[in-house]
$ cat my_file-v5.cif   # mmCIF, C-alpha atoms
data_target
#
loop_
_atom_site.label_atom_id
_atom_site.label_comp_id
_atom_site.auth_asym_id
_atom_site.auth_seq_id
_atom_site.Cartn_x
_atom_site.Cartn_y
_atom_site.Cartn_z
CA MET J 1 67.15 -188.03 -167.58
CA GLY J 2 68.12 -191.49 -166.40
CA LYS J 3 70.94 -193.82 -167.29
CA ILE J 4 68.87 -195.69 -169.85
CA PHE J 5 68.14 -192.49 -171.76
CA VAL J 6 71.83 -191.53 -171.70
CA TRP J 7 72.77 -194.99 -172.99
CA ILE J 8 70.26 -194.76 -175.84
CA ASP J 9 71.04 -191.12 -176.60
CA SER J 10 74.81 -191.63 -176.80
CA ARG J 11 74.04 -193.96 -179.72
CA PHE J 12 70.77 -192.66 -181.16
CA GLU J 13 71.83 -189.00 -180.73
CA ILE J 14 68.38 -187.53 -180.58
CA SER J 15 68.92 -184.77 -177.98
CA THR J 16 71.64 -182.84 -179.86
CA GLN J 17 69.68 -182.74 -183.09
CA HIS J 18 66.37 -181.96 -181.47
CA ARG J 19 67.54 -179.41 -178.93
CA ARG J 20 66.15 -176.86 -181.38
CA PHE J 21 62.71 -178.42 -180.80
CA PHE J 22 62.61 -176.84 -177.34
CA GLN J 23 64.36 -173.64 -178.38
CA ARG J 24 62.15 -172.55 -181.22
CA PRO J 25 61.15 -168.89 -181.04
CA VAL J 26 57.46 -168.40 -180.28
CA PRO J 27 55.74 -165.00 -180.63
CA PRO J 28 54.65 -163.42 -177.32
CA ASN J 29 51.14 -163.39 -175.84
CA LEU J 30 49.77 -166.43 -177.63
CA ASP J 31 46.44 -167.57 -176.15
CA TYR J 32 44.77 -170.96 -175.88
CA THR J 33 43.05 -170.65 -179.25
CA TYR J 34 46.48 -171.46 -180.68
CA CYS J 35 46.14 -174.95 -179.18
CA PHE J 36 43.41 -176.24 -181.52
CA GLY J 37 45.91 -177.47 -184.11
CA GLY J 38 47.78 -179.46 -181.48
CA ILE J 39 44.49 -180.75 -180.07
CA ALA J 40 43.46 -181.90 -183.55
CA PHE J 41 46.80 -183.71 -183.97
CA THR J 42 46.34 -185.40 -180.58
CA TYR J 43 42.93 -186.65 -181.74
CA PHE J 44 44.60 -187.89 -184.92
CA LEU J 45 47.09 -189.91 -182.86
CA ILE J 46 44.27 -191.33 -180.70
CA LEU J 47 42.35 -192.26 -183.87
CA LEU J 48 45.41 -193.88 -185.38
CA PHE J 49 46.13 -195.91 -182.27
CA SER J 50 42.56 -196.96 -181.44
CA GLY J 51 42.08 -197.78 -185.13
CA LEU J 52 45.09 -200.09 -185.04
CA LEU J 53 43.53 -201.86 -182.05
CA LEU J 54 40.10 -202.11 -183.71
CA SER J 55 41.65 -203.62 -186.83
CA LEU J 56 42.70 -206.64 -184.73
CA TYR J 57 39.05 -207.72 -184.39
CA TYR J 58 37.14 -206.05 -187.23
CA VAL J 59 36.25 -208.24 -190.22
CA PRO J 60 35.57 -206.26 -193.42
CA SER J 61 33.12 -208.72 -194.93
CA GLU J 62 29.48 -208.41 -195.87
CA ARG J 63 28.46 -211.22 -193.53
CA GLU J 64 30.71 -210.69 -190.57
CA ALA J 65 31.30 -206.91 -190.30
CA TYR J 66 28.28 -206.20 -188.10
CA LYS J 67 28.88 -209.30 -185.96
CA SER J 68 32.54 -208.41 -185.43
CA VAL J 69 31.56 -204.89 -184.32
CA LEU J 70 29.13 -206.46 -181.81
CA ILE J 71 31.94 -208.70 -180.56
CA ILE J 72 34.26 -205.71 -180.15
CA THR J 73 31.57 -203.79 -178.25
CA ASN J 74 30.24 -206.58 -176.02
CA GLU J 75 32.82 -209.34 -175.66
CA VAL J 76 36.37 -208.05 -176.09
CA PRO J 77 37.78 -206.65 -172.81
CA PHE J 78 37.74 -202.83 -173.03
CA GLY J 79 36.57 -203.17 -176.63
CA TRP J 80 33.76 -200.70 -175.96
CA VAL J 81 36.36 -198.21 -174.68
CA VAL J 82 38.50 -198.54 -177.79
CA ARG J 83 35.50 -198.28 -180.11
CA GLY J 84 34.10 -195.35 -178.13
CA MET J 85 37.46 -193.58 -178.25
CA HIS J 86 37.62 -194.05 -182.01
CA LYS J 87 34.05 -192.85 -182.55
CA TRP J 88 34.19 -189.77 -180.31
CA SER J 89 37.71 -188.77 -181.32
CA ALA J 90 36.55 -188.78 -184.94
CA SER J 91 33.87 -186.18 -184.23
CA LEU J 92 36.13 -184.12 -181.97
CA PHE J 93 38.92 -184.31 -184.57
CA ILE J 94 36.69 -182.65 -187.17
CA ILE J 95 35.51 -180.04 -184.62
CA SER J 96 39.12 -179.24 -183.62
CA ILE J 97 40.14 -178.81 -187.26
CA ILE J 98 37.25 -176.38 -187.82
CA LEU J 99 38.15 -174.39 -184.68
CA HIS J 100 41.81 -174.40 -185.75
CA ALA J 101 40.85 -173.13 -189.21
CA ILE J 102 38.68 -170.38 -187.67
CA ARG J 103 41.62 -169.30 -185.47
CA VAL J 104 43.98 -169.22 -188.47
CA PHE J 105 41.39 -167.27 -190.47
CA VAL J 106 40.64 -164.75 -187.71
CA SER J 107 44.32 -164.14 -186.89
CA LYS J 108 45.08 -163.79 -190.64
CA ALA J 109 47.75 -166.47 -190.35
CA TYR J 110 46.98 -167.71 -193.88
CA ARG J 111 48.78 -164.74 -195.50
CA HIS J 112 52.21 -164.82 -197.12
CA PRO J 113 54.35 -166.92 -196.62
CA ARG J 114 51.76 -169.37 -195.24
CA GLU J 115 49.35 -169.68 -198.18
CA LEU J 116 50.59 -173.16 -199.07
CA ASN J 117 50.19 -174.29 -195.48
CA TRP J 118 46.54 -173.15 -195.57
CA MET J 119 46.00 -175.21 -198.72
CA ILE J 120 47.62 -178.27 -197.15
CA GLY J 121 45.42 -177.69 -194.11
CA ALA J 122 42.32 -177.56 -196.30
CA ALA J 123 43.39 -180.83 -197.96
CA THR J 124 43.85 -182.35 -194.48
CA PHE J 125 40.31 -181.28 -193.60
CA ILE J 126 38.90 -182.90 -196.75
CA THR J 127 40.87 -186.09 -195.99
CA ALA J 128 39.49 -186.08 -192.44
CA MET J 129 35.94 -185.71 -193.76
CA ALA J 130 36.54 -188.53 -196.24
CA SER J 131 37.85 -190.73 -193.39
CA GLY J 132 34.74 -189.91 -191.41
CA PHE J 133 32.46 -190.78 -194.33
CA THR J 134 34.20 -194.07 -195.15
CA GLY J 135 34.43 -195.02 -191.47
CA TYR J 136 30.70 -194.46 -191.02
CA LEU J 137 29.90 -197.43 -193.28
CA LEU J 138 32.13 -199.91 -191.46
CA PRO J 139 29.74 -200.92 -188.60
CA TRP J 140 27.52 -202.19 -191.47
CA ASP J 141 24.22 -201.51 -189.69
CA GLN J 142 21.06 -199.87 -191.09
CA LYS J 143 22.21 -196.32 -190.32
CA ALA J 144 25.61 -196.92 -191.91
CA TYR J 145 24.09 -198.52 -195.00
CA TRP J 146 21.53 -195.80 -195.71
CA ALA J 147 23.96 -192.97 -194.93
CA THR J 148 26.32 -194.40 -197.55
CA GLU J 149 23.41 -194.98 -199.95
CA VAL J 150 22.52 -191.26 -199.67
CA GLY J 151 26.14 -190.05 -199.64
CA THR J 152 27.16 -191.99 -202.72
CA SER J 153 23.92 -190.95 -204.50
CA MET J 154 25.13 -187.35 -204.17
CA VAL J 155 28.11 -188.26 -206.35
CA GLY J 156 25.58 -189.33 -208.98
CA THR J 157 24.20 -185.78 -209.27
CA ILE J 158 27.41 -184.48 -210.88
CA PRO J 159 26.55 -183.69 -214.52
CA PHE J 160 27.68 -186.11 -217.26
CA ILE J 161 30.27 -188.13 -215.31
CA GLY J 162 28.26 -188.42 -212.07
CA GLU J 163 26.67 -191.82 -212.68
CA SER J 164 29.88 -193.57 -213.66
CA MET J 165 31.67 -191.94 -210.70
CA MET J 166 28.96 -193.23 -208.38
CA TYR J 167 29.42 -196.76 -209.71
CA ALA J 168 33.19 -196.42 -209.24
CA VAL J 169 32.73 -195.30 -205.62
CA ARG J 170 30.23 -198.08 -204.89
CA GLY J 171 32.08 -200.76 -206.83
CA GLY J 172 28.77 -201.70 -208.49
CA ALA J 173 25.24 -200.43 -209.04
CA GLU J 174 24.29 -200.62 -205.38
CA VAL J 175 25.96 -200.29 -201.98
CA SER J 176 27.11 -203.87 -201.37
CA GLY J 177 29.90 -205.96 -199.89
CA THR J 178 32.24 -204.54 -202.53
CA THR J 179 31.51 -201.01 -201.25
CA LEU J 180 32.29 -202.17 -197.72
CA ILE J 181 35.71 -203.54 -198.73
CA ARG J 182 36.46 -200.39 -200.76
CA PHE J 183 35.55 -198.10 -197.90
CA PHE J 184 37.48 -200.26 -195.44
CA SER J 185 40.58 -200.09 -197.62
CA LEU J 186 40.25 -196.32 -198.06
CA HIS J 187 39.59 -195.84 -194.35
CA VAL J 188 42.52 -197.87 -193.02
CA LEU J 189 45.13 -197.68 -195.82
CA TYR J 190 44.84 -194.87 -198.38
CA LEU J 191 43.44 -192.01 -196.30
CA PRO J 192 45.65 -192.40 -193.19
CA LEU J 193 48.74 -192.67 -195.40
CA PHE J 194 47.72 -189.58 -197.37
CA MET J 195 46.86 -187.78 -194.13
CA GLY J 196 50.26 -188.65 -192.67
CA ILE J 197 52.03 -187.15 -195.70
CA LEU J 198 49.88 -184.00 -195.55
CA LEU J 199 50.56 -183.56 -191.83
CA TRP J 200 54.26 -183.94 -192.44
CA PHE J 201 54.09 -181.08 -194.98
CA HIS J 202 51.97 -179.06 -192.55
CA PHE J 203 54.41 -179.44 -189.64
CA HIS J 204 57.47 -179.00 -191.82
CA MET J 205 56.22 -175.57 -192.91
CA ILE J 206 55.24 -174.62 -189.34
CA LYS J 207 58.82 -175.45 -188.27
CA ARG J 208 60.38 -173.39 -191.06
CA GLN J 209 58.01 -170.43 -190.96
CA GLY J 210 57.25 -170.33 -187.24
CA ILE J 211 53.94 -169.49 -185.62
CA SER J 212 52.44 -166.26 -186.94
CA ALA J 213 52.51 -163.37 -184.44
CA LYS J 214 49.27 -162.07 -182.99
CA LEU J 215 47.71 -159.15 -184.81
CA MET K 1 57.86 -174.11 -161.46
CA ASP K 2 60.25 -173.31 -164.28
CA ARG K 3 60.07 -174.68 -167.77
CA ARG K 4 62.53 -177.52 -167.11
CA ASP K 5 60.47 -178.84 -164.17
CA PHE K 6 57.27 -178.49 -166.13
CA LEU K 7 58.68 -180.49 -169.04
CA LYS K 8 59.97 -183.19 -166.68
CA LYS K 9 56.54 -183.46 -165.04
CA ILE K 10 54.78 -183.61 -168.39
CA ILE K 11 57.09 -186.34 -169.66
CA LYS K 12 56.64 -188.35 -166.43
CA ALA K 13 52.86 -188.01 -166.63
CA PHE K 14 53.06 -189.15 -170.23
CA PHE K 15 55.00 -192.30 -169.34
CA PHE K 16 52.68 -193.09 -166.42
CA SER K 17 49.60 -192.84 -168.59
CA ILE K 18 51.28 -194.94 -171.29
CA SER K 19 52.11 -197.73 -168.84
CA PHE K 20 48.60 -197.62 -167.37
CA SER K 21 46.96 -197.88 -170.79
CA LEU K 22 49.38 -200.70 -171.63
CA ILE K 23 47.54 -202.89 -169.10
CA LEU K 24 44.22 -202.13 -170.77
CA ILE K 25 45.70 -202.67 -174.23
CA LEU K 26 47.19 -206.04 -173.26
CA SER K 27 43.87 -207.23 -171.86
CA TYR K 28 42.22 -206.02 -175.09
CA ILE K 29 44.68 -207.94 -177.25
CA TYR K 30 44.72 -211.13 -175.17
CA PRO K 31 42.14 -213.64 -176.47
CA SER K 32 39.09 -213.87 -174.21
CA ARG K 33 38.36 -217.51 -175.00
CA ILE K 34 41.15 -220.05 -175.18
CA LYS K 35 39.69 -223.51 -175.69
CA GLN K 36 41.95 -226.48 -175.57
CA LYS K 37 41.18 -230.02 -176.55
CA LYS K 38 40.71 -232.51 -173.74
CA LEU K 39 41.08 -236.27 -173.81
CA SER K 40 37.70 -237.96 -173.38
CA TYR K 41 36.80 -241.63 -173.52
CA ILE K 42 33.97 -242.77 -175.77
CA TYR K 43 32.24 -246.15 -175.77
CA LEU K 44 33.49 -248.33 -178.60
CA THR K 45 32.38 -251.94 -178.17
CA GLU K 46 31.89 -254.88 -175.79
CA GLU K 47 35.05 -256.77 -174.99
CA GLU K 48 33.31 -260.08 -175.74
CA ALA K 49 32.68 -259.03 -179.34
CA LEU K 50 36.44 -259.06 -179.96
CA HIS K 51 37.07 -262.78 -179.98
CA LYS K 52 38.91 -262.99 -183.28
CA SER K 53 42.47 -261.73 -183.57
CA GLY K 54 43.39 -259.39 -186.40
CA ILE K 55 42.25 -255.93 -187.51
CA LYS K 56 38.68 -254.78 -187.01
CA ARG K 57 37.12 -251.51 -188.19
CA LEU K 58 34.87 -250.14 -185.45
CA GLU K 59 32.53 -247.15 -185.60
CA TYR K 60 31.76 -244.96 -182.63
CA LYS K 61 29.44 -242.03 -182.05
CA TYR K 62 29.78 -238.91 -179.96
CA ASN K 63 28.07 -235.54 -179.58
CA LEU K 64 29.84 -232.30 -180.44
CA HIS K 65 28.07 -228.92 -180.59
CA GLU K 66 24.70 -230.73 -180.39
CA LYS K 67 25.47 -232.82 -183.46
CA THR K 68 26.08 -236.57 -183.55
CA ILE K 69 29.36 -237.40 -185.18
CA VAL K 70 30.20 -240.89 -186.44
CA SER K 71 33.84 -241.83 -186.73
CA PHE K 72 35.85 -245.02 -186.73
CA VAL K 73 39.11 -246.61 -185.56
CA PHE K 74 41.04 -249.74 -186.41
CA LEU K 75 41.33 -252.14 -183.51
CA LYS K 76 44.04 -254.76 -183.55
CA LYS K 77 43.81 -257.87 -181.42
CA GLU K 78 46.91 -259.98 -181.03
CA GLY K 79 46.59 -262.60 -178.34
CA GLU K 80 45.07 -260.68 -175.45
CA GLU K 81 46.63 -257.38 -176.46
CA LEU K 82 44.42 -254.60 -177.92
CA THR K 83 45.79 -251.69 -179.94
CA ALA K 84 43.77 -248.85 -181.51
CA PHE K 85 45.03 -247.11 -184.65
CA SER K 86 43.79 -243.76 -185.84
CA PRO K 87 42.36 -244.13 -189.37
CA LEU K 88 44.16 -240.97 -190.56
CA CYS K 89 47.12 -241.34 -192.90
CA THR K 90 50.12 -239.60 -191.34
CA HIS K 91 50.98 -238.03 -194.71
CA LEU K 92 48.06 -235.64 -195.32
CA GLY K 93 45.27 -237.08 -193.22
CA CYS K 94 43.22 -239.12 -195.71
CA LEU K 95 41.13 -241.98 -194.33
CA LEU K 96 42.78 -245.38 -194.56
CA LYS K 97 41.30 -248.66 -195.73
CA TRP K 98 42.21 -252.08 -194.38
CA ASN K 99 43.15 -254.63 -197.03
CA ASN K 100 42.55 -257.99 -195.37
CA ILE K 101 44.14 -260.02 -198.18
CA GLU K 102 47.47 -258.14 -198.29
CA LYS K 103 47.23 -257.47 -194.53
CA GLU K 104 48.02 -253.79 -194.88
CA PHE K 105 46.43 -250.35 -194.42
CA VAL K 106 46.13 -248.53 -197.75
CA CYS K 107 45.78 -244.83 -198.33
CA VAL K 108 44.05 -244.12 -201.66
CA CYS K 109 45.29 -240.52 -201.86
CA HIS K 110 49.03 -241.01 -202.47
CA GLY K 111 49.52 -244.74 -202.12
CA GLY K 112 50.80 -244.81 -198.55
CA LYS K 113 50.84 -248.28 -196.99
CA PHE K 114 51.15 -249.39 -193.36
CA ASP K 115 51.52 -252.88 -191.93
CA MET K 116 49.53 -254.42 -189.06
CA ASP K 117 51.71 -252.69 -186.48
CA GLY K 118 51.16 -249.30 -188.10
CA LYS K 119 54.66 -249.12 -189.56
CA VAL K 120 55.12 -247.48 -192.98
CA ILE K 121 55.88 -249.99 -195.72
CA ALA K 122 55.30 -247.87 -198.84
CA GLY K 123 54.54 -244.37 -200.05
CA PRO K 124 55.10 -240.88 -198.66
CA PRO K 125 53.89 -241.10 -195.00
CA PRO K 126 56.67 -239.83 -192.70
CA LYS K 127 55.53 -241.45 -189.46
CA PRO K 128 53.90 -244.71 -188.33
CA LEU K 129 50.16 -244.69 -187.58
CA GLU K 130 49.05 -242.86 -184.47
CA ARG K 131 47.97 -245.13 -181.62
CA LEU K 132 44.94 -244.02 -179.62
CA PRO K 133 44.58 -244.72 -175.89
CA LEU K 134 42.13 -247.45 -174.88
CA SER K 135 40.36 -248.04 -171.63
CA ILE K 136 38.59 -251.25 -170.61
CA ARG K 137 36.07 -251.10 -167.76
CA ASP K 138 33.50 -253.76 -166.84
CA GLY K 139 34.01 -255.60 -170.11
CA LYS K 140 33.44 -252.47 -172.19
CA VAL K 141 36.06 -250.91 -174.44
CA TYR K 142 36.39 -247.10 -174.57
CA ILE K 143 38.44 -245.11 -177.05
CA GLY K 144 40.26 -241.95 -176.01
CA ILE K 145 40.06 -239.01 -178.42
CA LYS K 146 40.78 -235.31 -178.02
CA LEU K 147 37.71 -233.07 -178.12
CA TYR K 148 36.85 -229.47 -177.37
CA GLY K 149 34.91 -229.45 -174.30
#
$ encode --input "my_file-v5.cif" --output "structure tokens"
Amino acid sequence: MGKIFVWIDSRFEISTQHRRFFQRPVPPNLDYTYCFGGIAFTYFLILLFSGLLLSLYYVPSEREAYKSVLIITNEVPFGWVVRGMHKWSASLFIISIILHAIRVFVSKAYRHPRELNWMIGAATFITAMASGFTGYLLPWDQKAYWATEVGTSMVGTIPFIGESMMYAVRGGAEVSGTTLIRFFSLHVLYLPLFMGILLWFHFHMIKRQGISAKL
Amino acid sequence: MDRRDFLKKIIKAFFFSISFSLILILSYIYPSRIKQKKLSYIYLTEEEALHKSGIKRLEYKYNLHEKTIVSFVFLKKEGEELTAFSPLCTHLGCLLKWNNIEKEFVCVCHGGKFDMDGKVIAGPPPKPLERLPLSIRDGKVYIGIKLYG
């Protein structure tokens, strides 16, 4: 590494502490199916970063949401790239999580002592789905509106408490500007924060327990 | 290629792709339209109409975004010298009125007062009145204001 890295590292002292990062024991003969977790995390980072860029131009208001999405797509330089990255990474993120879960299930990596990590992983999957659902409303076009209308109606089918839960999710009787702001807040504040905490747990346990050996 | 070389290559590739995307990101962040106001001269009055000395309130019209906007300035004539004052109070931008008896500009919002030369004589305004540029061509007086355009 260069002089600059040495200068920083003699003060920040990252290499001594994290030498273990490169010297962690890995079981032999792992194949590429073990990469899906890492791929999913890469998509998460892409989503996080492209989302930060989109938030510079997106306006979460009933009147301007759709217009601001049009501006991002058509007028902002490389806006269509950033939006496309966010959209496609979202789908591929979910797919990678499913493939990762299948690999863990097939290789029986969920067994003791990794049961808790499976549960955290399941919670991460639910959070990812919730992010996908709330993000779907944000373009505020016909498809987004009716998808949310249908999705939030499903909440209403829960016995006894369903109707009040639906109103709480929508922020009113119908999908409206209030729903948009709610979903925006969930999509950019609550869910990413929660996801970050869950991923920290997930990776902490992977570091302590190591990757499970092949069957 | 051993592991050390592989890691070095990966890290280099990472930094190259980061610096490449940085160009795209900067062009994404940089505003695509930066409009600045430009000084443009608008017809105010005929020079012959200004025969009396003193303060005169003059209206002018101009087009902005396909709408006609009517505004006004205070024109001071002292001998042959013409001065144009912006009608905005330098305190918070209320429109001023000219009191011809007391010979002062009065701001109704917070009681700011200016004399004939635009100097503050009472109230909270921190600065004297803004003077606007004038241009006289072929006996016609033009007022210079800053517009988007």
$ closest_residue --input "my_file-v5.cif" --among "J:Ala123, J:Val169, J:Leu138, J:Ala40" --to "J:Ser68" --atoms "all atoms listed in the file"
J:Leu138
$ atom_distance --input "my_file-v5.cif" --atom1 "atom CA of J:Leu45" --atom2 "atom CA of J:Gln209"
23.8 Å
$ interface_residues --input "my_file-v5.cif" --of "chain K" --to "chain J" --cutoff "7 Å" --atoms "only C-alpha atoms" --output "list in words"
Leu24, Ser27, Tyr28 and Ser32 of chain K
$ resolve_selection --input "my_file-v5.cif" --expression "the PyMOL selection byres ((chain J and resi 114) around 12)" --output "PyMOL selection string"
chain J and resi 104-105+108-113+115-121+201-212
$ residues_near_point --input "my_file-v5.cif" --point "(29.8, -208.3, -200.9)" --cutoff "12 Å" --atoms "only C-alpha atoms" --output "MDAnalysis selection string"
chainID J and resid 60:65 140 170:172 174:182
$ resolve_selection --input "my_file-v5.cif" --expression "the PyMOL selection byres ((chain K and resi 148) around 10)" --output "JSON, numbers by chain"
{"K": [35, 36, 37, 38, 39, 40, 64, 65, 146, 147, 149]}
$ atom_distance --input "my_file-v5.cif" --atom1 "atom CA of K:Asn99" --atom2 "atom CA of K:Leu50"
18.9 Å
$ axis_aligned_box --input "my_file-v5.cif" --around "stretch 192-204 of chain J" --padding-each-side "4 Å" --output "JSON"
{"center_x": 51.6, "center_y": -185.8, "center_z": -193.5, "size_x": 19.8, "size_y": 21.7, "size_z": 15.7}
$ decode --input "my_file-v5.cif" --residues "stretch 90-106 of chain K" --atoms "C-alpha atoms" --output "PDB file, in the first residue's frame"
ATOM      1  CA  THR K  90     -34.291  48.270   2.834  1.00  0.00           C
ATOM      2  CA  HIS K  91     -35.572  46.849   6.133  1.00  0.00           C
ATOM      3  CA  LEU K  92     -37.904  44.038   5.010  1.00  0.00           C
ATOM      4  CA  GLY K  93     -38.892  45.026   1.503  1.00  0.00           C
ATOM      5  CA  CYS K  94     -42.277  46.720   1.961  1.00  0.00           C
ATOM      6  CA  LEU K  95     -43.356  49.229  -0.696  1.00  0.00           C
ATOM      7  CA  LEU K  96     -42.646  52.840   0.193  1.00  0.00           C
ATOM      8  CA  LYS K  97     -44.919  55.849  -0.144  1.00  0.00           C
ATOM      9  CA  TRP K  98     -43.782  59.371  -0.948  1.00  0.00           C
ATOM     10  CA  ASN K  99     -45.041  62.033   1.445  1.00  0.00           C
ATOM     11  CA  ASN K 100     -44.865  65.259  -0.542  1.00  0.00           C
ATOM     12  CA  ILE K 101     -45.663  67.508   2.438  1.00  0.00           C
ATOM     13  CA  GLU K 102     -42.956  66.165   4.773  1.00  0.00           C
ATOM     14  CA  LYS K 103     -40.682  65.477   1.780  1.00  0.00           C
ATOM     15  CA  GLU K 104     -39.855  61.957   2.890  1.00  0.00           C
ATOM     16  CA  PHE K 105     -40.372  58.320   1.878  1.00  0.00           C
ATOM     17  CA  VAL K 106     -42.478  56.465   4.441  1.00  0.00           C
TER      18      VAL K 106
END
